[in-house]
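A.B. asks: Pasting start_6.pdb here (PDB, C-alpha atoms):
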MODEL        1
ATOM      1  CA  MET W 260      90.521 110.248 123.535
ATOM      2  CA  GLU W 261      86.862 111.033 122.882
ATOM      3  CA  GLU W 262      85.749 114.297 121.427
ATOM      4  CA  GLN W 263      82.792 115.558 123.455
ATOM      5  CA  HIS W 264      82.295 118.979 121.881
ATOM      6  CA  PRO W 265      83.149 119.679 118.260
ATOM      7  CA  ILE W 266      85.874 122.282 117.894
ATOM      8  CA  PRO W 267      85.482 124.767 115.042
ATOM      9  CA  GLY W 268      87.911 124.382 112.188
ATOM     10  CA  LYS W 269      88.931 121.663 109.799
ATOM     11  CA  VAL W 270      91.490 118.912 109.516
ATOM     12  CA  THR W 271      93.308 118.551 106.205
ATOM     13  CA  ILE W 272      95.375 115.487 105.371
ATOM     14  CA  GLU W 273      97.730 115.926 102.430
ATOM     15  CA  THR W 274      97.859 113.220  99.769
ATOM     16  CA  GLU W 275     101.557 112.739 100.586
ATOM     17  CA  VAL W 276     100.461 111.304 103.944
ATOM     18  CA  LEU W 277      98.278 108.755 102.151
ATOM     19  CA  GLU W 278     101.193 107.965  99.814
ATOM     20  CA  THR W 279     103.472 107.332 102.769
ATOM     21  CA  ILE W 280     100.945 105.062 104.473
ATOM     22  CA  ALA W 281     100.383 103.097 101.246
ATOM     23  CA  ARG W 282     104.132 102.791 100.504
ATOM     24  CA  LEU W 283     105.148 101.682 103.994
ATOM     25  CA  THR W 284     102.240  99.256 104.301
ATOM     26  CA  ALA W 285     102.903  97.670 100.890
ATOM     27  CA  GLN W 286     106.608  97.245 101.707
ATOM     28  CA  GLU W 287     105.664  95.229 104.788
ATOM     29  CA  VAL W 288     103.589  92.680 102.837
ATOM     30  CA  SER W 289     105.391  89.364 102.540
ATOM     31  CA  GLY W 290     106.483  88.849  98.949
ATOM     32  CA  VAL W 291     107.112  92.497  98.106
ATOM     33  CA  ALA W 292     110.772  92.900  97.191
ATOM     34  CA  ARG W 293     110.479  96.696  97.000
ATOM     35  CA  ILE W 294     108.408  99.529  95.632
ATOM     36  CA  ALA W 295     109.256 100.066  91.952
ATOM     37  CA  GLN W 296     111.450 103.090  91.303
ATOM     38  CA  LYS W 297     110.551 105.332  88.404
ATOM     39  CA  THR W 298     113.563 107.191  87.061
ATOM     40  CA  ASP W 299     113.639 110.860  86.190
ATOM     41  CA  VAL W 300     114.263 109.916  82.545
ATOM     42  CA  GLU W 301     111.110 107.754  82.477
ATOM     43  CA  ARG W 302     109.083 110.614  83.952
ATOM     44  CA  PHE W 303     110.557 113.123  81.483
ATOM     45  CA  LEU W 304     109.741 110.877  78.523
ATOM     46  CA  GLY W 305     106.252 110.198  79.827
ATOM     47  CA  LEU W 306     106.982 106.491  80.239
ATOM     48  CA  GLY W 307     106.332 106.365  83.921
ATOM     49  CA  GLY W 308     104.927 108.249  86.823
ATOM     50  CA  ARG W 309     105.081 108.036  90.545
ATOM     51  CA  SER W 310     105.550 104.631  92.104
ATOM     52  CA  VAL W 311     102.694 105.358  94.489
ATOM     53  CA  GLN W 312      99.945 107.607  93.213
ATOM     54  CA  VAL W 313      96.992 108.727  95.326
ATOM     55  CA  ARG W 314      93.731 110.281  94.193
ATOM     56  CA  VAL W 315      91.040 111.636  96.492
ATOM     57  CA  SER W 316      87.625 112.244  94.970
ATOM     58  CA  GLU W 317      84.416 112.945  96.848
ATOM     59  CA  GLY W 318      86.008 111.820 100.100
ATOM     60  CA  ARG W 319      87.118 108.454  98.704
ATOM     61  CA  VAL W 320      90.692 107.291  98.121
ATOM     62  CA  GLY W 321      92.136 105.649  95.011
ATOM     63  CA  ILE W 322      95.708 104.361  94.952
ATOM     64  CA  ASP W 323      98.040 103.013  92.255
ATOM     65  CA  LEU W 324     101.018 101.010  93.559
ATOM     66  CA  HIS W 325     103.909  99.818  91.401
ATOM     67  CA  ILE W 326     105.890  97.063  93.083
ATOM     68  CA  MET W 327     108.652  94.541  92.483
ATOM     69  CA  ALA W 328     107.860  91.026  93.720
ATOM     70  CA  GLU W 329     109.959  88.283  95.226
ATOM     71  CA  PRO W 330     110.148  85.002  93.263
ATOM     72  CA  GLY W 331     108.281  81.807  94.096
ATOM     73  CA  ILE W 332     104.962  83.288  95.167
ATOM     74  CA  SER W 333     101.512  83.681  93.663
ATOM     75  CA  LEU W 334     101.480  87.157  92.157
ATOM     76  CA  LEU W 335      97.684  87.270  92.242
ATOM     77  CA  ARG W 336      97.669  86.481  95.976
ATOM     78  CA  LEU W 337     100.389  89.065  96.510
ATOM     79  CA  GLY W 338      98.367  91.736  94.750
ATOM     80  CA  ARG W 339      95.248  90.891  96.766
ATOM     81  CA  ALA W 340      97.229  90.920 100.038
ATOM     82  CA  ILE W 341      98.611  94.379  99.198
ATOM     83  CA  GLN W 342      95.097  95.626  98.419
ATOM     84  CA  LYS W 343      93.785  94.253 101.722
ATOM     85  CA  HIS W 344      96.594  95.586 103.928
ATOM     86  CA  VAL W 345      96.731  99.035 102.336
ATOM     87  CA  THR W 346      92.932  99.392 102.516
ATOM     88  CA  GLN W 347      92.965  98.498 106.216
ATOM     89  CA  ALA W 348      95.828 100.895 106.935
ATOM     90  CA  ILE W 349      94.119 103.828 105.191
ATOM     91  CA  GLN W 350      90.775 103.157 106.854
ATOM     92  CA  GLN W 351      92.251 102.672 110.329
ATOM     93  CA  THR W 352      94.713 105.566 110.189
ATOM     94  CA  ILE W 353      92.779 108.173 108.244
ATOM     95  CA  GLY W 354      89.201 106.925 108.451
ATOM     96  CA  MET W 355      88.513 107.472 104.755
ATOM     97  CA  PRO W 356      86.789 104.904 102.545
ATOM     98  CA  VAL W 357      88.963 103.309  99.870
ATOM     99  CA  GLU W 358      87.409 103.166  96.417
ATOM    100  CA  VAL W 359      90.160 101.301  94.556
ATOM    101  CA  ILE W 360      93.707 100.045  94.962
ATOM    102  CA  ASN W 361      95.418  99.106  91.707
ATOM    103  CA  VAL W 362      98.558  97.018  92.130
ATOM    104  CA  TYR W 363     100.996  96.900  89.227
ATOM    105  CA  ILE W 364     103.619  94.184  89.579
ATOM    106  CA  GLU W 365     106.458  95.562  87.467
ATOM    107  CA  ASP W 366     108.864  92.631  87.762
ATOM    108  CA  VAL W 367     110.046  89.703  89.851
ATOM    109  CA  ILE W 368     113.420  90.246  91.501
ATOM    110  CA  PHE W 369     115.571  87.135  91.712
ATOM    111  CA  PRO W 370     118.512  87.189  94.170
ATOM    112  CA  ASN W 371     121.208  87.462  91.463
ATOM    113  CA  SER W 372     119.310  89.738  89.086
ATOM    114  CA  GLU W 373     120.118  92.977  90.949
ATOM    115  CA  ALA W 374     123.835  92.164  91.081
ATOM    116  CA  GLU W 375     123.886  91.702  87.303
ATOM    117  CA  GLN W 376     122.380  95.148  86.612
ATOM    118  CA  PRO W 377     124.885  97.698  85.337
ATOM    119  CA  ALA W 378     125.581 100.580  87.698
ATOM    120  CA  GLY W 379     124.157 103.862  86.606
TER     121      GLY W 379
ENDMDL
END
As structure tokens, please, write out the structure in this file.
C.D. replies:
Amino acid sequence: MEEQHPIPGKVTIETEVLETIARLTAQEVSGVARIAQKTDVERFLGLGGRSVQVRVSEGRVGIDLHIMAEPGISLLRLGRAIQKHVTQAIQQTIGMPVEVINVYIEDVIFPNSEAEQPAG
């Protein structure tokens, strides 16, 4: 669908949309066990923030992603793959340039490690 005549007005894309794109794209990268979950207690104490944080400055996007990785993979390659896929998704979907994507690998989740965690 080509736009032949500009239509007056503006298009605003909320940062939550960028967060959703980044979260869903990162979850699809092979080797990502899940997006890290920050608890309300961690946020209250100032020990953590959002698992996916988006900043838009001067029309450029910056993203911080906190993830949990699967075992037996190169964590450096995983981080680079997440950066690549999320950058492509943002650029293709929104059309905004990506300035930086910081990937924080919080932990490696082994198959039995989640079962051993106390409920709470």
A.B. asks: Which residues are close to Arg319 of chain W, i.e. within 10 Å by all atoms listed in the file, leaving aside same-chain residues fewer than 2 positions away? Reply as JSON, numbers by chain.
C.D. replies: {"W": [314, 315, 316, 317, 321, 355, 356, 357, 358, 359]}
A.B. asks: Atom CA of Arg309 of chain W to atom CA of Val362 of chain W: how many Å, to one decimal?
C.D. replies: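 Pair atom CA of Arg309 of chain W / atom CA of Val362 of chain W returns 12.9 Å.
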A.B. asks: For this structure, which residues satisfy the selection - the PyMOL selection byres ((chain W and resi 363) around 10) - when it is evaluated on the file as given? I want them as a list of chain:residue names.
C.D. replies: W:Ala295, W:Ser310, W:Asp323, W:Leu324, W:His325, W:Ile326, W:Met327, W:Gly338, W:Ile360, W:Asn361, W:Val362, W:Ile364, W:Glu365, W:Asp366
A.B. asks: Considering all atoms listed in the file, state which residue in the set W:Val320, W:Ile353, W:Val311, W:Ala285 is at the smallest distance from Leu337 of chain W.
C.D. replies: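 Ranking W:Val320, W:Ile353, W:Val311, W:Ala285 by distance to Leu337 of chain W, first place goes to W:Ala285.
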A.B. asks: In Å, with one decimal, what is the gap from atom CA of Gln350 of chain W to atom CA of Arg282 of chain W?
C.D. replies: 14.8 Å
A.B. asks: Looking at all atoms listed in the file, which of W:Ala292, W:Val276, W:Val270, W:Ile349 is the one that sits closest to Ala328 of chain W?
C.D. replies: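 Using all atoms listed in the file, the shortest distance to Ala328 of chain W belongs to W:Ala292.
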A.B. asks: What do you get, as a list in words, if you spell out every residue that the PyMOL selection byres ((chain W and resi 340) around 12) selects here?
C.D. replies: Thr284, Ala285, Gln286, Glu287, Val288, Ser289, Gly290, Val291, Ile332, Ser333, Leu334, Leu335, Arg336, Leu337, Gly338, Arg339, Ile341, Gln342, Lys343, His344, Val345, Thr346, Gln347, Ile360, Asn361 and Val362 of chain W
A.B. asks: Between atom CA of Leu283 of chain W and atom CA of Ile322 of chain W, what is the distance, to one decimal in Å?
C.D. replies: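 Atom-to-atom, atom CA of Leu283 of chain W and atom CA of Ile322 of chain W are spaced 13.3 Å apart.
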A.B. asks: Using 8 Å of padding on each side, determine the axis-aligned box around all atoms of segment 273-292 of chain W present in the file and give its centre and edge lengths in Å to one decimal, as JSON.
C.D. replies:
{"center_x": 104.3, "center_y": 102.4, "center_z": 101.0, "size_x": 29.0, "size_y": 43.1, "size_z": 23.6}
